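I have placed the structure first, in the form of structure tokens, so that the comments after it can refer back to it.
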Amino acid sequence: MARKDLLDIASLSRVEIDHLLHQAVPFKELFTRSVKKVPALKGKSVLTLFYEPSTRTHSSFEVAAKRLSADVTHFDVGQSSITKGESVRETVETLEAMRTDFIIVRHSKSGLPAMIASLTKASVINAGDGAHAHPTQALLDAFTIMEKFPEPAGKRVLIIGDILHSRVARSTSLILKKLGIEVAYLAPGSLLPKLGAEGIHRFTDYAKAMAWLPDIVYLLRVQMERQDAQFFPSLREYHRLYGITDERLQEISKRGLYLMHPGPVNRGVELCDAVMEYERSLINDQVENGIAVRMAVLYWLKPEANHGV
Amino acid sequence: MARKDLLDIASLSRVEIDHLLHQAVPFKELFTRSVKKVPALKGKSVLTLFYEPSTRTHSSFEVAAKRLSADVTHFDVGQSSITKGESVRETVETLEAMRTDFIIVRHSKSGLPAMIASLTKASVINAGDGAHAHPTQALLDAFTIMEKFPEPAGKRVLIIGDILHSRVARSTSLILKKLGIEVAYLAPGSLLPKLGAEGIHRFTDYAKAMAWLPDIVYLLRVQMERQDAQFFPSLREYHRLYGITDERLQEISKRGLYLMHPGPVNRGVELCDAVMEYERSLINDQVENGIAVRMAVLYWLKPEANHGV
Amino acid sequence: MARKDLLDIASLSRVEIDHLLHQAVPFKELFTRSVKKVPALKGKSVLTLFYEPSTRTHSSFEVAAKRLSADVTHFDVGQSSITKGESVRETVETLEAMRTDFIIVRHSKSGLPAMIASLTKASVINAGDGAHAHPTQALLDAFTIMEKFPEPAGKRVLIIGDILHSRVARSTSLILKKLGIEVAYLAPGSLLPKLGAEGIHRFTDYAKAMAWLPDIVYLLRVQMERQDAQFFPSLREYHRLYGITDERLQEISKRGLYLMHPGPVNRGVELCDAVMEYERSLINDQVENGIAVRMAVLYWLKPEANHGV
């Protein structure tokens, strides 16, 4: 039942999602042991190919692969592509010829990981492509929610922020709906998607969104570097309208709601400083679970046969 | 019979070349197994010292060393030398003091790896020095040719491009001649060497070169970043005069010739896009064989005794 | 008796220093073996967090961790912090959530490693913080001196250079005094500390300092990049007044004194070229001992319990 690639959440069945989330449990338990490592992928080559920089996601995959005893090599595309103008296709042919078992790719262009997957017998994991998908983020979000709600059907998650341009919103909404969780979006009208949000509630006002009675409030990151800023007057104004202010945190705390964020947080924008101490913040759980879930994905995928039996 | 360093092809005997090429065979077979790794260099330190950036060669050596179970550390000379102005000599003394077993060095200055080798008990592998030598490229080229022609003596290889400034042309010509292969150069007159090309045919016209009846056509990379461009009118003109155009590819295909290129390819300059699908292109074989040959080199070289028995 | 963190020399007892220096001995012996590696930290995660670049110190820690079989990941803070403006605190929370066992940190701000240590259950090793401390440098200096003087009490070390801004001078002076070694400083008056130099002799004139009869002359690095230069007329002038010139080297050699320097050396500034051949230079011993001492530190520190038993 194993697949070659993990490109998005849309193509995963409920059974596959359940399998991956269950598989992550023993990997997470491993982190409390002295030797946080299993020999499962010994002798396998993992190549990371990050066309967009991302210290956290990159490190998370690197640590996950090493805890499975794989050998990890960073293919420095930034440097290479700038200096020598090599095409993505040719890079992939090179990695294929190197008999790479896994390629972990991040790119600003939607669909690029799928194109790469079609060119190689290696297993391709999409670590984020444009506004399209970020499937391991979705899996870690689902895992984190199910640690708190083992029977998640009917629970409610409110996602706040730039939904329109967010691959996290897309992938995480999809997985939550597959698990029977209700999803709502809260954003300025200009940042709400016109399409593709069937069965998802849409709010532009914080108070009305909270009246929907979510169990979890999920803040998206304001992408300073992608100039989200042009869609709202100022960061201060964003914080006032859509951020978790000290006042809102008090209400969230009273109601016992959980808070999530994919990181890294812009403090004072999405979240006030006090959130860092909030006992129902799941932000650090998300980081830890990210490694466990990525181990489960690497363990589950099967590169095509001629890469070794 | 082992050596301490691999600095060039000139100093290798035919017996040594044969030994290295034979040793690469079982390492290549390893890549089709599930565990692509042997413990041969467990506990050995490999330091990479790349003064010129090179994602592909660097990754190839890194993967080769890891498949031998060595520990690989990238000594970030770019950063160091810019910030602190440290001399190469002092860097090498540092690596020596760290009890490094292997130093893999690339530098724009010819002869620098030899100088380094004289300063250290570690085994030094030249990963390309100026226009001088690139011995592991030559070994992988020879290995790739011998997979197609196990008895290569008398076969003909036509090398096309900037011969004058190319360490690949130099090292690969040398090894082919040692294997009894006939070599010819095709280039604009300004890019043909005046000296050091004994026994090598020289052409400036594509049609005449093809009339020499080569078995393999080997395209060199146009070094955009080294401003090869100043030696010919335009890239378009280069492609028309010396590139493998669609028409020429048809002729090459009819004749059943093999195509080689050290990569990365400038498409539309050395080669038309259609070459990527050409069934007798050996470009990806070269990449794969590069890892096997570099494993053979690392396995063969012997650092001086006091670095451990 | 193990500690969680190594932040400075001031907080180490004489017993702890002796323990670390003894522990480094078998690790150094390991370097003369064929397999320079022990499984002591197999399955442990070491994260390096260098806010200031440092190829040598970074590589030394990386090699040390790998020789203990730990998995090393470089958390690329430069890239991350520039692109996404993440705070140090949030980065540490991420590393903590990743269940990192060891964090090795360098930062231009004094006290930052201690702040980090208070936020994480991982063991934190200070690899240099501002003008405050560089404890592993001090330990390797002490180790190097004790290889020559197993009974060091009463020996004399003259430290020359920018004492005022040097974390090396601070940490190394402290450890030497704890070992009963006498310390003197030689520097322009503007680069001598006003405070914190109890029991340390202070000189501004080379001849007078040499009349104090040191056993070891320890040259600090002139920090070009931190603009030490503003404190003295020119590098040439610095060399004339405080550098080891050819003449001074002859006298040092006649007296049989040892020379030390933390590296990388600015030749022609702190030291003339001839020092590189001086038989009592301990500079390369310092590099080698650095790895052994850092292995001893990693082996000694104990991350808090819930990171694995």
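Residues in the structure tokens are numbered from 1 in each chain, the chains being A, B, ... in the order shown, and ligands are numbered from 1 in the order shown.
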
*9 Å contact set for Phe203 of chain B, only C-alpha atoms, chain neighbours under 3 positions out, as a list of chain:residue names*: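 Here the answer would be B:Ala184, B:Tyr185, B:Leu186, B:Ala187, B:Pro188, B:Gly189, B:Leu192, B:Tyr206, B:Lys208, B:Ala209.
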
Output file for the residues above (N, CA, C and O atoms, as a PDB file, in the first residue's frame):
```pdb
ATOM      1  N   ALA B 184      40.873  13.436 -30.396  1.00  0.00           N
ATOM      2  CA  ALA B 184      40.971  14.635 -31.227  1.00  0.00           C
ATOM      3  C   ALA B 184      40.274  15.784 -30.536  1.00  0.00           C
ATOM      4  O   ALA B 184      39.366  15.576 -29.728  1.00  0.00           O
ATOM      5  N   TYR B 185      40.740  16.997 -30.836  1.00  0.00           N
ATOM      6  CA  TYR B 185      40.119  18.207 -30.300  1.00  0.00           C
ATOM      7  C   TYR B 185      39.423  18.948 -31.431  1.00  0.00           C
ATOM      8  O   TYR B 185      39.961  19.045 -32.543  1.00  0.00           O
ATOM      9  N   LEU B 186      38.285  19.517 -31.132  1.00  0.00           N
ATOM     10  CA  LEU B 186      37.614  20.426 -32.054  1.00  0.00           C
ATOM     11  C   LEU B 186      37.286  21.702 -31.290  1.00  0.00           C
ATOM     12  O   LEU B 186      36.605  21.662 -30.258  1.00  0.00           O
ATOM     13  N   ALA B 187      37.773  22.839 -31.806  1.00  0.00           N
ATOM     14  CA  ALA B 187      37.561  24.125 -31.123  1.00  0.00           C
ATOM     15  C   ALA B 187      37.920  25.249 -32.067  1.00  0.00           C
ATOM     16  O   ALA B 187      38.614  25.023 -33.076  1.00  0.00           O
ATOM     17  N   PRO B 188      37.445  26.468 -31.755  1.00  0.00           N
ATOM     18  CA  PRO B 188      37.975  27.625 -32.482  1.00  0.00           C
ATOM     19  C   PRO B 188      39.485  27.664 -32.275  1.00  0.00           C
ATOM     20  O   PRO B 188      39.968  27.256 -31.196  1.00  0.00           O
ATOM     21  N   GLY B 189      40.233  28.126 -33.241  1.00  0.00           N
ATOM     22  CA  GLY B 189      41.694  28.148 -33.138  1.00  0.00           C
ATOM     23  C   GLY B 189      42.179  28.799 -31.863  1.00  0.00           C
ATOM     24  O   GLY B 189      43.150  28.339 -31.242  1.00  0.00           O
ATOM     25  N   LEU B 192      42.344  26.304 -28.911  1.00  0.00           N
ATOM     26  CA  LEU B 192      43.141  25.085 -29.015  1.00  0.00           C
ATOM     27  C   LEU B 192      44.493  25.339 -28.363  1.00  0.00           C
ATOM     28  O   LEU B 192      45.090  26.389 -28.541  1.00  0.00           O
ATOM     29  N   TYR B 206      33.696  21.453 -37.703  1.00  0.00           N
ATOM     30  CA  TYR B 206      32.899  20.317 -37.232  1.00  0.00           C
ATOM     31  C   TYR B 206      32.855  19.181 -38.252  1.00  0.00           C
ATOM     32  O   TYR B 206      33.080  18.014 -37.904  1.00  0.00           O
ATOM     33  N   LYS B 208      34.858  18.402 -40.708  1.00  0.00           N
ATOM     34  CA  LYS B 208      36.144  17.703 -40.841  1.00  0.00           C
ATOM     35  C   LYS B 208      36.416  16.793 -39.641  1.00  0.00           C
ATOM     36  O   LYS B 208      36.957  15.694 -39.782  1.00  0.00           O
ATOM     37  N   ALA B 209      36.044  17.282 -38.459  1.00  0.00           N
ATOM     38  CA  ALA B 209      36.250  16.472 -37.253  1.00  0.00           C
ATOM     39  C   ALA B 209      35.413  15.188 -37.320  1.00  0.00           C
ATOM     40  O   ALA B 209      35.881  14.109 -36.945  1.00  0.00           O
TER      41      ALA B 209
END
```

*Please run DSSP on the backbone and report, as a list in words, all residues within segment 128-306 of chain A that come out as strand (DSSP E or B).*
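The residues of segment 128-306 of chain A classed as strand (DSSP E or B) are Gly128, Asp129, Ala133, Arg156, Val157, Leu158, Ile159, Ile160, Glu182, Val183, Ala184, Tyr185, Leu186, His201, Arg202, Phe203, Ile216, Val217, Tyr218, Leu219, Ile244, Tyr258, Leu259, Met260, Arg267, Leu271 and Ser281 of chain A.
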
The selected residues should be written to file as a CSV table (one decimal), in the first residue's frame (atoms: N, CA and C atoms).
```
chain,number,residue,atom,x,y,z
A,128,GLY,N,6.9,21.9,0.7
A,128,GLY,CA,6.2,23.2,0.5
A,128,GLY,C,6.5,23.7,-0.9
A,129,ASP,N,5.4,23.9,-1.7
A,129,ASP,CA,5.5,24.4,-3.1
A,129,ASP,C,4.5,25.5,-3.3
A,133,ALA,N,0.8,23.3,-1.6
A,133,ALA,CA,0.7,22.3,-0.6
A,133,ALA,C,1.9,22.2,0.3
A,156,ARG,N,-13.8,21.7,16.1
A,156,ARG,CA,-13.8,22.9,15.3
A,156,ARG,C,-12.4,23.7,15.3
A,157,VAL,N,-11.9,23.9,14.2
A,157,VAL,CA,-10.6,24.7,14.1
A,157,VAL,C,-10.8,25.9,13.3
A,158,LEU,N,-10.4,27.0,13.9
A,158,LEU,CA,-10.5,28.3,13.2
A,158,LEU,C,-9.1,28.7,12.8
A,159,ILE,N,-9.0,28.9,11.5
A,159,ILE,CA,-7.6,29.3,10.9
A,159,ILE,C,-7.7,30.8,10.6
A,160,ILE,N,-6.7,31.5,11.1
A,160,ILE,CA,-6.7,33.0,11.0
A,160,ILE,C,-5.5,33.4,10.2
A,182,GLU,N,-14.4,20.2,11.7
A,182,GLU,CA,-14.9,21.4,11.0
A,182,GLU,C,-13.9,22.5,11.0
A,183,VAL,N,-13.9,23.2,9.8
A,183,VAL,CA,-12.8,24.3,9.7
A,183,VAL,C,-13.5,25.6,9.3
A,184,ALA,N,-13.0,26.7,9.9
A,184,ALA,CA,-13.5,28.0,9.5
A,184,ALA,C,-12.2,28.9,9.2
A,185,TYR,N,-12.4,29.8,8.3
A,185,TYR,CA,-11.3,30.8,8.0
A,185,TYR,C,-11.7,32.1,8.5
A,186,LEU,N,-10.8,32.9,9.1
A,186,LEU,CA,-11.0,34.3,9.4
A,186,LEU,C,-9.8,35.1,8.8
A,201,HIS,N,-16.4,27.4,6.7
A,201,HIS,CA,-17.0,28.7,7.1
A,201,HIS,C,-16.0,29.8,6.8
A,202,ARG,N,-16.6,31.0,6.5
A,202,ARG,CA,-15.7,32.1,6.2
A,202,ARG,C,-16.1,33.3,7.0
A,203,PHE,N,-15.1,33.9,7.8
A,203,PHE,CA,-15.4,35.1,8.6
A,203,PHE,C,-14.4,36.2,8.2
A,216,ILE,N,-10.0,25.0,18.6
A,216,ILE,CA,-8.6,25.4,18.4
A,216,ILE,C,-8.5,26.6,17.5
A,217,VAL,N,-7.6,27.5,17.9
A,217,VAL,CA,-7.4,28.7,17.1
A,217,VAL,C,-6.0,28.6,16.4
A,218,TYR,N,-6.0,28.6,15.1
A,218,TYR,CA,-4.7,28.3,14.4
A,218,TYR,C,-4.3,29.6,13.6
A,219,LEU,N,-3.2,30.2,14.1
A,219,LEU,CA,-2.8,31.4,13.5
A,219,LEU,C,-1.8,31.1,12.4
A,244,ILE,N,-3.8,37.6,18.1
A,244,ILE,CA,-4.2,37.3,19.5
A,244,ILE,C,-3.6,38.3,20.4
A,258,TYR,N,-7.2,25.7,22.5
A,258,TYR,CA,-5.8,25.5,22.1
A,258,TYR,C,-5.4,26.5,21.1
A,259,LEU,N,-4.1,26.8,21.1
A,259,LEU,CA,-3.6,27.7,20.1
A,259,LEU,C,-2.5,27.0,19.3
A,260,MET,N,-2.5,27.2,17.9
A,260,MET,CA,-1.5,26.6,17.1
A,260,MET,C,-0.9,27.6,16.1
A,267,ARG,N,6.1,37.8,16.7
A,267,ARG,CA,5.5,38.3,17.9
A,267,ARG,C,5.0,39.7,17.8
A,271,LEU,N,0.6,37.1,17.2
A,271,LEU,CA,0.5,36.7,18.6
A,271,LEU,C,1.1,37.7,19.6
A,281,SER,N,-0.9,26.5,24.5
A,281,SER,CA,-0.3,26.7,23.2
A,281,SER,C,0.3,25.3,22.8
```

*Residue hits in chain C, query chain B, radius 10 Å, only C-alpha atoms, as a PyMOL selection string*: chain C and resi 30-38+53-56+58-60+62-64+66-69+223-225+263-267+276+283-292

*From the DSSP assignment of the backbone, select every residue of segment 40-284 of chain A that is alpha helix (DSSP H), and format the answer as a ChimeraX atom specification.*
/A:55-67,77-84,88-97,112-119,135-148,167-178,206-211,235-242,246-255,283-284

*Separation of atom CA of Ala65 of chain C from atom CA of Ala24 of chain A, in Å and rounded to one decimal*: 27.5 Å

*Got a sec: who's within 7 Å of Gly180 of chain B, counting only C-alpha atoms, leaving out chain neighbours fewer than 4 positions off, as JSON, numbers by chain?*
{"B": [152, 153, 154, 176]}

Store the residues picked out above in a file with N, CA and C atoms, as a PDB file, in the first residue's frame.
```
ATOM      1  N   PRO B 152      39.112  -0.805 -25.098  1.00  0.00           N
ATOM      2  CA  PRO B 152      38.995   0.535 -25.676  1.00  0.00           C
ATOM      3  C   PRO B 152      40.109   0.920 -26.660  1.00  0.00           C
ATOM      4  N   ALA B 153      41.202   0.165 -26.700  1.00  0.00           N
ATOM      5  CA  ALA B 153      42.345   0.579 -27.532  1.00  0.00           C
ATOM      6  C   ALA B 153      41.899   0.753 -28.978  1.00  0.00           C
ATOM      7  N   GLY B 154      42.276   1.886 -29.552  1.00  0.00           N
ATOM      8  CA  GLY B 154      41.928   2.147 -30.941  1.00  0.00           C
ATOM      9  C   GLY B 154      40.611   2.876 -31.124  1.00  0.00           C
ATOM     10  N   LEU B 176      42.729   8.855 -21.526  1.00  0.00           N
ATOM     11  CA  LEU B 176      42.308   8.102 -22.715  1.00  0.00           C
ATOM     12  C   LEU B 176      43.522   7.622 -23.494  1.00  0.00           C
TER      13      LEU B 176
END
```

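For Ser108 of chain B, the non-local neighbours within 9 Å, defined as residues at least 4 positions apart in the same chain or in other chains and counting only C-alpha atoms, are Tyr51, Glu52, Leu112, Gly128, Asp129, Gly130 and Ala131 of chain B.
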
With C-alpha atoms retained, export the selected residues as a PDB file, in the first residue's frame.
```
ATOM      1  CA  TYR B  51      37.677  27.424  -2.804  1.00  0.00           C
ATOM      2  CA  GLU B  52      35.601  27.342  -6.012  1.00  0.00           C
ATOM      3  CA  LEU B 112      47.590  24.301  -5.214  1.00  0.00           C
ATOM      4  CA  GLY B 128      39.953  20.422  -9.900  1.00  0.00           C
ATOM      5  CA  ASP B 129      42.738  23.033  -9.899  1.00  0.00           C
ATOM      6  CA  GLY B 130      42.633  25.884 -12.416  1.00  0.00           C
ATOM      7  CA  ALA B 131      43.255  24.690 -15.954  1.00  0.00           C
TER       8      ALA B 131
END
```

*asked:* Between atom CA of His239 of chain A and atom CA of Ser190 of chain A, what is the distance in Å, rounded to a tenth?
replied: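 Computing the Euclidean distance for atom CA of His239 of chain A and atom CA of Ser190 of chain A yields 16.5 Å.
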
*Between A:Val105, A:Lys178, A:Val25, A:Leu119, single out the one closest to Thr57 of chain A, counting only C-alpha atoms.*
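Nearest to Thr57 of chain A: A:Val105.
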
*Minimum-distance residue to Arg221 of chain C, chosen among C:Leu282, C:Val269, C:Ile145, C:Leu139 (using only C-alpha atoms)*: C:Val269

_List as a list in words the protein and nucleic acid residues near Asp8 of chain C, meaning an atom at most 8 Å away when only C-alpha atoms are counted, but skip any in the same chain fewer than 6 places from it._
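My reading of the contact set: Asn126, Ala133, His134, Pro135 and Ser171 of chain C.
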
For the selection you just gave me, I'd like the residues written to a file as a compact mmCIF listing (two decimals), in the first residue's frame, keeping C-alpha atoms.
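Dumped everything to part_2.txt:
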```txt
# COMPACT_ATOMS: atom_id res chain seq x y z
CA ASN C 126 29.41 28.42 25.05
CA ALA C 133 34.02 33.82 27.77
CA HIS C 134 35.33 31.03 25.55
CA PRO C 135 35.65 28.14 27.99
CA SER C 171 38.81 32.63 29.98
```

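The interatomic distance for the pair atom CA of Glu237 of chain B and atom CA of Gln250 of chain B works out to 19.8 Å.
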
*Just the residues within 12 Å of His19 of chain A, please, counting only C-alpha atoms, with nothing from its chain fewer than 4 positions along; format it as a list in words.*
Met1, Ala2, Leu12, Ser13, Arg14, Val15, Gln23, Ala24, Val25, Leu139, Phe143, Val293, Ala296, Val297, Tyr299, Trp300 and Leu301 of chain A

*Which of these residues is nearest to Arg280 of chain B, using only C-alpha atoms: B:Thr144, B:Thr120, B:Ser166, B:Ser11?*
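Checking each of B:Thr144, B:Thr120, B:Ser166, B:Ser11 against Arg280 of chain B, counting only C-alpha atoms, the winner is B:Thr144.
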
*Tell me which of B:Ile103, B:Ile116, B:Val92, B:Leu191 sits closest to Gly161 of chain B, counting only C-alpha atoms.*
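The closest residue to Gly161 of chain B is B:Leu191.
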
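Excluding Leu235 of chain A and any residue on its chain fewer than 6 positions from it, the residues at most 10 Å away by only C-alpha atoms are Val222, Met224, Asp228, Ala229, Leu241, Gly243, Asn266, Gly268, Val269 and Glu270 of chain A.
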
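Comparing C:Leu49, C:Ala122, C:Ala40, C:Met146 by their smallest distance to Leu21 of chain C, the closest is C:Met146 (using only C-alpha atoms).
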